[in-house]
>>> print(open('coords.cif').read())   # mmCIF, C-alpha atoms
data_input
#
loop_
_atom_site.label_atom_id
_atom_site.label_comp_id
_atom_site.auth_asym_id
_atom_site.auth_seq_id
_atom_site.Cartn_x
_atom_site.Cartn_y
_atom_site.Cartn_z
CA MET A 134 0.00 0.00 0.00
CA MET A 135 1.27 3.42 -1.02
CA LYS A 136 1.78 5.92 1.75
CA VAL A 137 0.72 9.49 1.05
CA SER A 138 1.83 12.30 3.28
CA LEU A 139 -0.63 14.51 5.07
CA LEU A 140 0.70 17.48 3.13
CA GLU A 141 -0.02 15.73 -0.18
CA LEU A 142 -3.57 14.93 0.97
CA CYS A 143 -4.11 18.58 1.90
CA VAL A 144 -2.87 19.76 -1.50
CA ARG A 145 -5.15 17.28 -3.29
CA SER A 146 -8.08 18.34 -1.14
CA ALA A 147 -7.40 22.01 -1.88
CA ILE A 148 -7.21 21.28 -5.63
CA ASP A 149 -10.50 19.37 -5.48
CA ASN A 150 -12.18 22.30 -3.71
CA LEU A 151 -10.74 25.30 -5.58
CA GLN A 152 -14.16 26.93 -5.92
CA TYR A 153 -14.26 27.32 -2.13
CA LEU A 154 -10.81 28.86 -1.70
CA GLY A 155 -10.68 32.49 -0.70
CA ASP A 156 -8.04 34.31 1.33
CA VAL A 157 -4.75 32.39 1.10
CA GLY A 158 -2.70 35.12 2.78
CA GLU A 159 -0.83 32.92 5.26
CA THR A 160 -0.37 29.90 2.95
CA ASP A 161 3.20 28.93 2.06
CA ILE A 162 4.27 30.08 -1.41
CA LEU A 163 5.49 26.57 -2.33
CA LEU A 164 2.02 25.17 -1.62
CA LEU A 165 0.41 27.94 -3.68
CA LYS A 166 2.72 27.07 -6.59
CA ARG A 167 1.30 23.53 -6.47
CA ILE A 168 -2.37 24.47 -5.96
CA LEU A 169 -3.01 27.60 -8.03
CA PRO A 170 -2.02 26.20 -11.46
CA HIS A 171 -5.21 24.13 -11.28
CA CYS A 172 -7.42 27.25 -11.09
CA ASN A 173 -9.36 28.68 -13.99
CA ALA A 174 -9.30 32.44 -14.55
CA ASP A 175 -12.41 33.13 -12.45
CA GLN A 176 -11.14 31.09 -9.51
CA LEU A 177 -7.72 32.71 -9.71
CA ASN A 178 -9.29 36.16 -9.79
CA HIS A 179 -11.49 35.30 -6.79
CA ILE A 180 -8.50 34.06 -4.79
CA GLU A 181 -6.42 37.15 -5.58
CA THR A 182 -9.31 39.49 -4.82
CA SER A 183 -10.09 37.72 -1.53
CA THR A 184 -6.50 37.68 -0.34
CA LYS A 185 -5.81 40.81 1.72
CA GLY A 186 -2.40 42.08 2.75
CA ARG A 187 -0.39 39.86 0.41
CA ASP A 188 0.71 40.21 -3.20
CA LEU A 189 0.26 36.88 -5.00
CA SER A 190 1.67 38.13 -8.31
CA PRO A 191 5.02 36.28 -7.93
CA VAL A 192 3.01 33.04 -8.13
CA THR A 193 0.06 34.10 -10.25
CA ASP A 194 1.69 36.31 -12.90
CA GLU A 195 2.84 33.34 -14.97
CA LEU A 196 -0.57 31.69 -14.51
CA TRP A 197 -2.28 34.83 -15.82
CA ARG A 198 0.05 34.84 -18.83
CA LYS A 199 -1.00 31.27 -19.58
CA HIS A 200 -4.70 32.16 -19.23
CA TYR A 201 -4.12 35.16 -21.53
CA GLY A 202 -2.55 32.85 -24.11
CA ARG A 203 -5.33 30.26 -23.85
CA THR A 204 -8.06 32.86 -24.14
CA PHE A 205 -6.65 35.29 -26.71
CA GLY A 206 -3.98 33.22 -28.45
CA ASN A 207 -0.23 32.96 -28.23
CA ASP A 208 0.16 35.61 -30.93
CA ALA A 209 -1.51 38.11 -28.60
CA VAL A 210 0.94 37.12 -25.83
CA SER A 211 3.89 37.64 -28.15
CA MET A 212 2.56 41.02 -29.24
CA VAL A 213 2.10 42.15 -25.64
CA LYS A 214 5.61 40.99 -24.71
CA GLU A 215 7.08 42.90 -27.67
CA ARG A 216 5.19 46.07 -26.77
CA MET A 217 6.27 45.87 -23.12
CA SER A 218 9.92 45.31 -24.04
CA SER A 219 9.96 48.04 -26.72
CA ARG A 220 8.44 50.60 -24.35
CA GLY A 221 10.37 49.45 -21.31
CA ILE A 222 7.15 48.97 -19.32
CA LYS A 223 6.10 45.95 -17.28
CA PHE A 224 2.47 45.19 -16.51
CA LYS A 225 0.98 42.45 -14.42
CA TRP A 226 -0.64 39.82 -16.59
CA ARG A 227 -3.74 39.87 -14.42
CA GLN A 228 -4.34 43.52 -15.31
CA LEU A 229 -3.68 42.83 -18.99
CA TYR A 230 -6.07 39.87 -18.95
CA GLN A 231 -8.85 41.85 -17.26
CA ALA A 232 -8.40 44.82 -19.61
CA LYS A 233 -8.54 42.54 -22.66
CA VAL A 234 -11.67 40.81 -21.34
CA ARG A 235 -13.36 44.20 -20.82
CA GLU A 236 -12.33 45.25 -24.33
CA GLN A 237 -13.77 42.04 -25.78
CA GLU A 238 -17.03 42.52 -23.87
CA GLU A 239 -17.34 46.09 -25.16
CA LEU A 240 -16.75 44.93 -28.73
CA GLN A 241 -19.35 42.22 -28.27
CA LYS A 242 -21.87 44.72 -26.91
CA LYS A 243 -21.23 47.05 -29.84
CA GLY A 244 -21.73 44.15 -32.25
CA VAL A 245 -24.96 43.11 -30.55
CA ASN A 246 -26.26 46.70 -30.60
CA ARG A 247 -25.34 47.01 -34.28
CA LEU A 248 -27.21 43.79 -35.05
CA LYS A 249 -30.23 45.02 -33.11
CA ASP A 250 -30.20 48.27 -35.09
CA LEU A 251 -29.94 46.38 -38.38
CA TYR A 252 -32.84 44.09 -37.46
CA ARG A 253 -34.91 47.08 -36.35
CA GLU A 254 -34.15 48.85 -39.64
CA GLN A 255 -35.05 45.74 -41.65
CA ASN A 256 -38.33 45.36 -39.77
CA THR A 257 -39.30 48.97 -40.43
CA GLN A 258 -38.51 48.50 -44.12
CA LYS A 259 -40.63 45.34 -44.15
CA GLU A 260 -43.48 47.14 -42.45
CA SER A 261 -43.34 49.98 -44.95
CA ARG A 262 -43.60 47.53 -47.86
CA LYS A 263 -46.59 45.64 -46.48
CA CYS A 264 -49.99 45.96 -48.08
CA GLN A 265 -52.35 47.83 -45.88
CA ALA A 266 -56.08 47.23 -45.84
CA ILE A 267 -58.00 50.43 -46.44
CA ASP A 268 -61.58 50.71 -45.31
CA LEU A 269 -63.30 52.53 -48.17
CA LYS A 270 -67.03 52.89 -48.44
CA PRO A 271 -68.58 52.82 -51.90
CA PRO A 272 -69.87 56.22 -52.97
CA GLU A 273 -73.45 56.94 -52.07
CA SER A 274 -75.70 56.66 -55.11
CA LYS A 275 -77.70 59.72 -55.95
CA ARG A 276 -80.65 57.62 -56.90
CA ILE A 277 -83.23 56.99 -54.22
CA LYS A 278 -83.86 53.35 -53.76
CA ARG A 279 -87.37 52.20 -53.22
CA THR A 280 -87.88 50.10 -50.21
CA GLY A 281 -90.97 48.47 -48.99
CA PRO A 282 -93.14 45.47 -49.58
CA GLY A 283 -93.72 45.98 -53.32
CA ALA A 284 -90.26 47.20 -54.28
CA GLY A 285 -88.68 45.10 -57.00
CA SER A 286 -91.22 42.32 -56.82
CA SER A 287 -93.21 43.38 -59.85
CA GLY A 288 -91.55 40.72 -61.93
CA SER A 289 -89.42 43.14 -63.92
CA SER A 290 -85.77 42.37 -64.29
CA SER A 291 -83.09 44.52 -62.77
CA LYS A 292 -82.22 45.93 -66.22
CA ALA A 293 -85.76 47.10 -66.91
CA PRO A 294 -85.35 50.63 -65.51
CA ALA A 295 -82.26 51.11 -67.66
CA LYS A 296 -84.14 49.84 -70.72
CA GLY A 297 -87.02 52.17 -69.94
CA ARG A 298 -84.68 55.17 -69.78
CA LEU A 299 -83.05 54.16 -73.03
CA MET A 300 -86.42 53.81 -74.72
CA GLN A 301 -87.56 57.11 -73.26
CA LYS A 302 -84.44 58.85 -74.55
CA SER A 303 -84.83 57.37 -78.02
CA ARG A 304 -88.50 58.46 -78.11
CA MET A 305 -87.51 62.00 -77.18
CA ASP A 306 -84.84 62.05 -79.90
CA PHE A 307 -87.40 60.78 -82.45
CA ALA A 308 -89.93 63.40 -81.40
CA LYS A 309 -87.39 66.21 -81.82
CA ARG A 310 -86.71 65.17 -85.42
#
>>> encode(input="coords.cif", output="structure tokens")
Amino acid sequence: MMKVSLLELCVRSAIDNLQYLGDVGETDILLLKRILPHCNADQLNHIETSTKGRDLSPVTDELWRKHYGRTFGNDAVSMVKERMSSRGIKFKWRQLYQAKVREQEELQKKGVNRLKDLYREQNTQKESRKCQAIDLKPPESKRIKRTGPGAGSSGSSSKAPAKGRLMQKSRMDFAKR
């Protein structure tokens, strides 16, 4: 049977429960170098934020550089290194990572807003091209319609009044000649 030291069991337990770690201010730096590489970016940020009175950047700076590379690509890491060396400036990788994440979120928000505007514009164009039902009433006829029990039931067809007018007009023309 393999014997495992108490220290090794504690390290394994800490790695298994990274989401519950907070302030690691008094923890030995050698233990942190074994535990913290197993953290994702959110867990690492939580641990650094929770830890008061101690700078964890000697341990976490390289971890943040790795997270930066995984998230934004190794080309981005190379570019940042070149810029820092050419300008003679050194930043903490945690700050660079957080700034890049904020920049990406802003770009994403701008893209989403642009898409919303385009969809809104397309919908207004669609609405303007739609056929619209118009409620028009037929013009009132100047002729007075007869209503009542004997109206239209005399057996004459519906064209009879028009025929009568035509005949009447032709009779008047004949009489004038």
>>> closest_residue(input="coords.cif", among="A:Thr204, A:Thr182, A:Thr193, A:Gln241", to="Lys166 in chain A", atoms="only C-alpha atoms")
A:Thr193
>>> closest_residue(input="coords.cif", among="A:Asp208, A:Asp250, A:Asp306, A:Asp156", to="Ser183 in chain A", atoms="only C-alpha atoms")
A:Asp156
>>> atom_distance(input="coords.cif", atom1="CA of Val192 in chain A", atom2="CA of Glu159 in chain A")
13.9 Å
>>> atom_distance(input="coords.cif", atom1="CA of Gly155 in chain A", atom2="CA of Glu181 in chain A")
8.0 Å
>>> atom_distance(input="coords.cif", atom1="CA of Phe224 in chain A", atom2="CA of His200 in chain A")
15.1 Å
>>> residues_around(input="coords.cif", residues="Asn173 in chain A", least_positions_apart="3", cutoff="12 Å", atoms="all atoms listed in the file", output="JSON, numbers by chain")
{"A": [148, 151, 152, 168, 169, 170, 176, 177, 178, 179, 180, 193, 196, 197, 199, 200, 201, 203, 204]}
>>> residues_around(input="coords.cif", residues="range 141-144 of chain A", least_positions_apart="5", cutoff="10 Å", atoms="only C-alpha atoms", output="list in words")
Asp149, Asn150, Leu164, Leu165, Arg167 and Ile168 of chain A
>>> write_last_selection(input="coords.cif", atoms="C-alpha atoms", output="PDB file, in the coordinates of the input")
ATOM      1  CA  ASP A 149     -10.500  19.370  -5.480  1.00  0.00           C
ATOM      2  CA  ASN A 150     -12.180  22.300  -3.710  1.00  0.00           C
ATOM      3  CA  LEU A 164       2.020  25.170  -1.620  1.00  0.00           C
ATOM      4  CA  LEU A 165       0.410  27.940  -3.680  1.00  0.00           C
ATOM      5  CA  ARG A 167       1.300  23.530  -6.470  1.00  0.00           C
ATOM      6  CA  ILE A 168      -2.370  24.470  -5.960  1.00  0.00           C
TER       7      ILE A 168
END
>>> closest_residue(input="coords.cif", among="A:Leu189, A:Cys264, A:Leu139, A:Leu269", to="Leu163 in chain A", atoms="all atoms listed in the file")
A:Leu189
>>> resolve_selection(input="coords.cif", expression="the PyMOL selection byres ((chain A and resi 230) around 8)", output="VMD selection string")
chain A and resid 197 to 198 200 to 201 226 to 229 231 to 234
>>> axis_aligned_box(input="coords.cif", around="range 171-175 of chain A", padding_each_side="3 Å", output="JSON")
{"center_x": -8.8, "center_y": 28.6, "center_z": -12.8, "size_x": 13.2, "size_y": 15.0, "size_z": 9.5}
